[in-house]
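Dumped model34.txt below, it's compact mmCIF, C-alpha atoms:
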```txt
# COMPACT_ATOMS: atom_id res chain seq x y z
CA MET A 1 63.42 -22.42 198.20
CA SER A 2 64.05 -25.14 200.78
CA PHE A 3 61.87 -25.27 203.88
CA GLU A 4 63.25 -26.47 207.19
CA LYS A 5 61.06 -27.67 210.01
CA ILE A 6 62.58 -26.20 213.14
CA THR A 7 59.94 -28.14 215.06
CA GLU A 8 61.65 -31.35 213.90
CA ARG A 9 65.21 -30.39 214.83
CA SER A 10 66.96 -32.58 217.34
CA SER A 11 66.42 -31.60 220.97
CA ASN A 12 69.02 -29.43 222.64
CA TYR A 13 69.21 -32.08 225.38
CA ARG A 14 70.63 -35.59 225.20
CA HIS A 15 70.18 -38.78 227.20
CA LEU A 16 66.83 -37.80 228.64
CA ASP A 17 66.31 -41.40 229.71
CA LYS A 18 69.26 -41.08 232.11
CA MET A 19 68.31 -37.76 233.66
CA ALA A 20 67.08 -37.36 237.23
CA ILE A 21 63.42 -36.36 237.50
CA LYS A 22 64.35 -32.97 238.94
CA ASP A 23 66.60 -32.29 235.95
CA LEU A 24 63.88 -33.33 233.50
CA LEU A 25 61.41 -30.96 235.12
CA THR A 26 63.93 -28.14 235.31
CA TYR A 27 64.89 -28.38 231.65
CA ILE A 28 61.29 -28.72 230.44
CA ASN A 29 60.44 -25.61 232.42
CA LYS A 30 63.46 -23.81 231.00
CA GLU A 31 62.31 -24.59 227.47
CA ASP A 32 58.74 -23.53 228.25
CA GLN A 33 59.98 -20.08 229.25
CA VAL A 34 60.87 -19.26 225.63
CA VAL A 35 57.24 -19.63 224.53
CA PRO A 36 55.70 -16.33 225.74
CA PHE A 37 58.59 -14.35 224.26
CA ALA A 38 58.03 -16.05 220.90
CA VAL A 39 54.31 -15.24 221.14
CA GLU A 40 55.13 -11.62 221.96
CA LYS A 41 57.03 -11.30 218.67
CA ALA A 42 53.93 -12.47 216.82
CA ILE A 43 51.54 -9.89 218.35
CA PRO A 44 51.47 -7.72 215.18
CA GLN A 45 50.39 -10.78 213.18
CA ILE A 46 47.80 -11.75 215.79
CA GLU A 47 46.41 -8.19 215.85
CA LYS A 48 45.73 -8.18 212.10
CA LEU A 49 43.89 -11.49 212.29
CA VAL A 50 41.80 -10.42 215.30
CA GLU A 51 40.75 -7.25 213.47
CA ALA A 52 39.66 -9.29 210.45
CA ILE A 53 37.74 -11.81 212.59
CA SER A 54 36.01 -9.09 214.61
CA ASP A 55 34.84 -7.30 211.47
CA LYS A 56 33.37 -10.50 210.02
CA MET A 57 31.72 -11.64 213.24
CA LEU A 58 30.18 -8.24 213.90
CA MET A 59 28.50 -8.68 210.51
CA GLY A 60 27.13 -12.09 211.48
CA GLY A 61 29.98 -14.38 210.47
CA ARG A 62 31.45 -17.34 212.31
CA LEU A 63 34.96 -18.39 213.31
CA PHE A 64 36.31 -21.82 212.37
CA TYR A 65 39.42 -23.56 213.66
CA ILE A 66 40.66 -26.52 211.63
CA GLY A 67 43.59 -28.78 212.47
CA ALA A 68 44.87 -32.31 213.01
CA GLY A 69 46.14 -34.09 216.12
CA THR A 70 47.16 -31.82 218.98
CA SER A 71 46.52 -28.70 216.89
CA GLY A 72 42.99 -29.82 216.09
CA ARG A 73 42.26 -30.65 219.71
CA LEU A 74 43.45 -27.24 220.86
CA GLY A 75 41.10 -25.58 218.40
CA ILE A 76 38.18 -27.67 219.64
CA VAL A 77 38.97 -26.79 223.27
CA ASP A 78 39.05 -23.07 222.49
CA ALA A 79 35.83 -23.20 220.46
CA SER A 80 33.99 -25.24 223.09
CA GLU A 81 34.85 -22.78 225.85
CA CYS A 82 33.41 -19.69 224.14
CA PRO A 83 29.70 -20.39 224.81
CA PRO A 84 29.96 -21.03 228.57
CA THR A 85 32.48 -18.24 229.10
CA TYR A 86 30.90 -15.52 226.98
CA GLY A 87 27.30 -16.65 226.51
CA VAL A 88 27.56 -16.83 222.72
CA PRO A 89 25.58 -19.53 220.91
CA TYR A 90 27.13 -22.88 220.10
CA GLY A 91 28.05 -22.82 216.43
CA LEU A 92 29.49 -19.30 216.47
CA VAL A 93 33.02 -20.62 217.05
CA ILE A 94 33.56 -24.08 215.59
CA GLY A 95 36.49 -26.48 215.95
CA ILE A 96 37.10 -29.15 213.29
CA ILE A 97 39.65 -31.95 213.59
CA ALA A 98 40.97 -34.34 210.94
CA GLY A 99 39.39 -37.73 211.54
CA GLY A 100 36.23 -36.37 213.16
CA GLU A 101 35.07 -36.71 216.77
CA LYS A 102 36.96 -39.97 217.27
CA ALA A 103 40.22 -38.08 216.72
CA ILE A 104 39.59 -35.89 219.76
CA THR A 105 40.64 -38.75 222.03
CA THR A 106 42.21 -41.29 219.66
CA ALA A 107 44.79 -40.86 216.92
CA VAL A 108 43.25 -41.55 213.50
CA GLU A 109 45.92 -42.86 211.16
CA PHE A 110 46.67 -40.76 208.06
CA ALA A 111 43.67 -38.46 208.63
CA GLU A 112 45.90 -35.41 208.36
CA ASP A 113 47.31 -36.51 205.00
CA ASP A 114 44.08 -36.09 203.01
CA LYS A 115 44.33 -32.68 201.33
CA LYS A 116 40.70 -32.69 200.16
CA GLN A 117 38.98 -33.75 203.36
CA GLY A 118 39.44 -30.47 205.24
CA TRP A 119 37.34 -28.56 202.74
CA LYS A 120 34.73 -31.33 202.73
CA ASP A 121 34.49 -31.06 206.52
CA LEU A 122 34.05 -27.28 206.31
CA GLN A 123 31.30 -27.67 203.72
CA GLU A 124 29.22 -29.61 206.24
CA TYR A 125 28.85 -26.31 208.10
CA LYS A 126 28.01 -24.36 204.93
CA VAL A 127 31.09 -22.18 205.37
CA SER A 128 30.90 -18.98 203.31
CA GLU A 129 32.63 -15.68 202.66
CA LYS A 130 30.93 -14.30 205.79
CA ASP A 131 33.14 -16.55 207.93
CA VAL A 132 36.83 -16.75 208.89
CA VAL A 133 38.78 -20.03 208.88
CA ILE A 134 42.00 -20.48 210.89
CA GLY A 135 44.24 -23.43 210.10
CA ILE A 136 46.30 -24.69 213.03
CA ALA A 137 49.41 -26.76 212.23
CA ALA A 138 52.56 -26.72 214.35
CA SER A 139 54.69 -28.00 211.47
CA GLY A 140 52.99 -25.76 208.95
CA THR A 141 52.83 -28.65 206.48
CA THR A 142 49.64 -30.57 207.34
CA PRO A 143 47.90 -31.39 204.00
CA TYR A 144 44.44 -31.55 205.60
CA VAL A 145 44.80 -27.96 206.82
CA ILE A 146 46.58 -26.54 203.79
CA GLY A 147 43.99 -27.98 201.40
CA ALA A 148 41.16 -26.46 203.42
CA LEU A 149 42.74 -23.01 203.46
CA GLU A 150 43.50 -23.10 199.75
CA GLU A 151 39.90 -23.94 198.92
CA CYS A 152 38.68 -21.18 201.22
CA ARG A 153 40.85 -18.57 199.50
CA LYS A 154 39.54 -19.63 196.09
CA ARG A 155 36.07 -18.76 197.35
CA GLY A 156 36.90 -15.45 199.00
CA ILE A 157 36.79 -16.76 202.57
CA ILE A 158 39.27 -15.00 204.87
CA THR A 159 41.90 -17.37 206.23
CA GLY A 160 44.40 -17.30 209.07
CA SER A 161 46.98 -19.80 210.28
CA ILE A 162 48.94 -20.62 213.42
CA SER A 163 52.23 -22.48 212.97
CA CYS A 164 55.61 -22.82 214.64
CA ASN A 165 57.93 -22.83 211.62
CA PRO A 166 58.84 -19.73 209.59
CA ASP A 167 57.73 -19.39 205.97
CA SER A 168 55.76 -22.62 206.03
CA PRO A 169 53.28 -23.85 203.39
CA VAL A 170 50.34 -23.22 205.73
CA SER A 171 51.44 -19.59 206.08
CA ALA A 172 51.52 -19.28 202.31
CA ALA A 173 47.93 -20.55 202.18
CA ALA A 174 46.66 -17.99 204.70
CA ASP A 175 45.68 -14.34 204.37
CA PHE A 176 46.77 -13.70 207.95
CA PRO A 177 49.56 -16.11 208.96
CA ILE A 178 50.80 -16.25 212.54
CA GLU A 179 54.20 -17.83 213.11
CA VAL A 180 55.40 -18.52 216.65
CA VAL A 181 58.86 -20.03 216.36
CA VAL A 182 59.69 -21.70 219.68
CA GLY A 183 62.63 -23.83 218.53
CA PRO A 184 63.28 -27.58 218.88
CA GLU A 185 61.15 -29.51 221.35
CA PHE A 186 62.56 -31.00 224.56
CA VAL A 187 61.64 -34.43 223.22
CA THR A 188 62.57 -34.24 219.55
CA GLY A 189 59.51 -33.58 217.38
CA SER A 190 57.01 -33.69 220.26
CA THR A 191 55.07 -30.61 219.19
CA ARG A 192 52.42 -31.10 221.86
CA MET A 193 54.99 -29.44 224.15
CA LYS A 194 56.31 -25.93 223.34
CA SER A 195 54.49 -25.68 220.02
CA GLY A 196 51.22 -26.78 221.61
CA THR A 197 51.67 -24.30 224.44
CA ALA A 198 52.33 -21.51 221.94
CA GLN A 199 49.24 -22.40 219.95
CA LYS A 200 47.11 -22.47 223.10
CA LEU A 201 48.35 -19.02 224.11
CA VAL A 202 47.60 -17.59 220.67
CA LEU A 203 44.13 -19.14 220.63
CA ASN A 204 43.44 -17.64 224.06
CA MET A 205 44.48 -14.24 222.73
CA ILE A 206 42.37 -14.52 219.59
CA SER A 207 39.12 -15.70 221.15
CA THR A 208 39.35 -13.44 224.19
CA SER A 209 40.12 -10.33 222.14
CA VAL A 210 37.37 -11.12 219.64
CA MET A 211 34.79 -11.70 222.36
CA ILE A 212 35.69 -8.38 223.95
CA GLN A 213 35.23 -6.70 220.56
CA LEU A 214 31.82 -8.35 220.29
CA GLY A 215 30.78 -6.79 223.61
CA ARG A 216 30.76 -10.01 225.61
CA VAL A 217 32.88 -8.49 228.41
CA GLU A 218 32.12 -5.37 230.44
CA ASP A 219 34.95 -3.75 232.40
CA ASN A 220 36.90 -6.91 233.23
CA LYS A 221 33.93 -9.21 233.89
CA MET A 222 32.37 -12.14 232.01
CA VAL A 223 28.89 -10.69 232.33
CA ASN A 224 27.41 -13.07 229.75
CA MET A 225 28.80 -16.34 231.11
CA GLN A 226 26.45 -19.32 231.32
CA LEU A 227 25.40 -20.39 234.80
CA THR A 228 26.36 -24.03 234.41
CA ASN A 229 27.60 -24.82 237.92
CA GLU A 230 27.52 -23.53 241.49
CA LYS A 231 30.94 -21.87 241.18
CA LEU A 232 29.77 -19.77 238.23
CA VAL A 233 26.47 -18.95 239.90
CA ASP A 234 28.34 -17.73 242.99
CA ARG A 235 30.71 -15.69 240.81
CA GLY A 236 27.75 -14.19 238.98
CA ILE A 237 25.98 -13.29 242.21
CA LYS A 238 29.04 -11.44 243.50
CA MET A 239 29.43 -9.61 240.17
CA LEU A 240 25.80 -8.55 240.30
CA MET A 241 26.07 -7.37 243.90
CA GLU A 242 29.08 -5.27 242.95
CA ARG A 243 27.48 -3.79 239.83
CA LEU A 244 24.18 -2.94 241.54
CA LYS A 245 25.73 -2.06 244.92
CA MET A 246 23.58 -4.69 246.61
CA ASP A 247 24.33 -6.31 249.95
CA ASP A 248 21.62 -8.97 249.83
CA TYR A 249 23.20 -12.18 248.45
CA ASN A 250 19.91 -14.05 248.19
CA LYS A 251 18.17 -11.19 246.37
CA ALA A 252 21.05 -11.00 243.90
CA LYS A 253 20.86 -14.76 243.39
CA GLU A 254 17.13 -14.55 242.73
CA LEU A 255 17.67 -11.85 240.10
CA LEU A 256 20.54 -13.69 238.46
CA LEU A 257 18.69 -16.97 238.14
CA LYS A 258 15.55 -15.22 236.92
CA TYR A 259 17.28 -13.37 234.09
CA GLY A 260 20.05 -15.85 233.32
CA SER A 261 23.09 -13.59 233.15
CA VAL A 262 24.80 -10.78 235.02
CA LYS A 263 24.32 -8.48 232.04
CA LYS A 264 20.56 -8.96 231.76
CA ALA A 265 20.00 -8.82 235.49
CA SER A 266 22.12 -5.72 235.98
CA GLU A 267 20.16 -3.79 233.35
CA LEU A 268 17.25 -3.68 235.80
CA LYS A 269 16.79 -0.76 238.12
CA VAL A 270 16.63 -2.23 241.56
CA SER A 271 15.14 0.05 244.16
```
Would you give me this structure, written as structure tokens?
Amino acid sequence: MSFEKITERSSNYRHLDKMAIKDLLTYINKEDQVVPFAVEKAIPQIEKLVEAISDKMLMGGRLFYIGAGTSGRLGIVDASECPPTYGVPYGLVIGIIAGGEKAITTAVEFAEDDKKQGWKDLQEYKVSEKDVVIGIAASGTTPYVIGALEECRKRGIITGSISCNPDSPVSAAADFPIEVVVGPEFVTGSTRMKSGTAQKLVLNMISTSVMIQLGRVEDNKMVNMQLTNEKLVDRGIKMLMERLKMDDYNKAKELLLKYGSVKKASELKVS
């Protein structure tokens, strides 16, 4: 069966180089508006993957994102934000990119074409059947990602995928494929645009939902967030004052800094 990359179709717009700036911005925004509707259609797929991840992580497993280029960078961003936001340890959610750390800021030629390297990179973290590995590839054809997922499945490791083409090879390699089909990009083939936005939205949904399942959120508050700057300290103080019905800002600050999180501080009985 033939496979068509919708992400590589020619843009619906021509002569971008002759457009007025206002028109460029208007049309980019118009295209961006299709993304959340495409994500909405994929919610049943996302739900199944979140359930699988939550079950594994509640039993002590980890979550891995693996990708190349923009997709890899998006996974690293999502993974890196989990510890400060939810107070989980570094190493619980891990982002891996083809080409290593250098590839986060600089394109590494042909790194995504090595089908064996993805699994090798995962092995450095001693990945096992306790973990879940999500391959991120807008095209759905990245050898680095596909190879990693295939090796995971051989070893009984649960796999997911996020792509922007239907019935792609990366979907075939995943136990829980997510396909968010956003159509051709405004600049032909520039998948950092709509496809990247779609992937970012899905990653937000996955990590946020999983962290809530793990008990890292109470009511609608990030009660386990790390106090890494003055803005977060101030936010934590106000949360604590609300939870404990306190009106003394300085006392709340003292408690928060002493115990390190809103959750730990609020478990105290303050007279």
Q. Using all atoms listed in the file, which of the listed residues (A:Pro44, A:Arg14, A:Gly69, A:Leu244) sits closest to A:Val108?
A. A:Gly69
Any chance you could tabulate, as a tab-separated table, the residues of stretch 77-187 of chain A at most 9 Å from stretch 208-218 of chain A with each one's nearest atom pair and distance in Å to one decimal, using all atoms listed in the file, in chain and rising number order?
```
residue	atom	partner	partner_atom	distance
A:Cys82	CA	A:Met211	CA	8.3
A:Tyr86	CA	A:Arg216	CA	5.7
A:Gly87	CA	A:Arg216	CA	7.5
A:Val88	CA	A:Arg216	CA	8.1
```
Q: Just give me the residues with any atom within 8 Å of (38.9, -30.4, 209.6), file coordinates, counting only C-alpha atoms, written as JSON, numbers by chain.
A: {"A": [65, 66, 67, 68, 72, 95, 96, 97, 98, 99, 100, 117, 118, 119, 121, 122, 144, 145, 148]}
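Between atom CA of A:Val181 and atom CA of A:Asn12 lies a distance of 15.2 Å.
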Q: Tell me, as a VMD selection string, which residues lie within 10 Å of stretch 160-164 of chain A, counting all atoms listed in the file; anything in the same chain fewer than 2 positions away does not count.
A: chain A and resid 5 to 7 38 45 to 46 48 to 50 52 to 53 64 to 67 71 132 to 141 145 to 146 149 158 166 to 184 191 194 to 196 198 to 199 202 to 203
Q) So how far away is atom CA of A:Ile28 from atom CA of A:Ile76, in Å? A) 25.5 Å
Q. With distances taken over all atoms listed in the file, which of A:Lys56, A:Lys263, A:Lys258, A:Lys115 is nearest to A:Ser128?
A. A:Lys56
Q: Might you pull out every residue within 12 Å of A:Thr26, with only C-alpha atoms counted and same-chain residues fewer than 6 positions away left off, and present them as a VMD selection string?
A: chain A and resid 13 19 to 20 32 to 33 186
Q: May I have the residues within 10 Å of A:Pro84 as a ChimeraX atom specification, using all atoms listed in the file and disregarding those fewer than 2 positions away in the same chain?
A: /A:80-82,86-90,222,224-228,232
Q. Atom CA of A:Met239 and atom CA of A:Asn220 are how many Å apart?
A.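 Separation between atom CA of A:Met239 and atom CA of A:Asn220: 10.5 Å.
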Once 6 Å is added on each side, what are the centre and the three edge lengths, in Å to one decimal, of the axis-aligned box enclosing the listed atoms of stretch 154-162 of chain A? Present them as lines of an AutoDock Vina configuration file.
```
center_x = 42.5
center_y = -17.8
center_z = 204.8
size_x = 24.9
size_y = 17.6
size_z = 29.3
```
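Closest approach to A:Gly75 from the set A:Lys120, A:Lys238, A:Arg243, A:Lys200 is made by A:Lys200, with distances taken over all atoms listed in the file.
Ranking A:Ser261, A:Asn229, A:Asp131, A:Lys221 by their shortest atom-to-atom distance to A:Glu242, with only C-alpha atoms included, puts A:Lys221 first.
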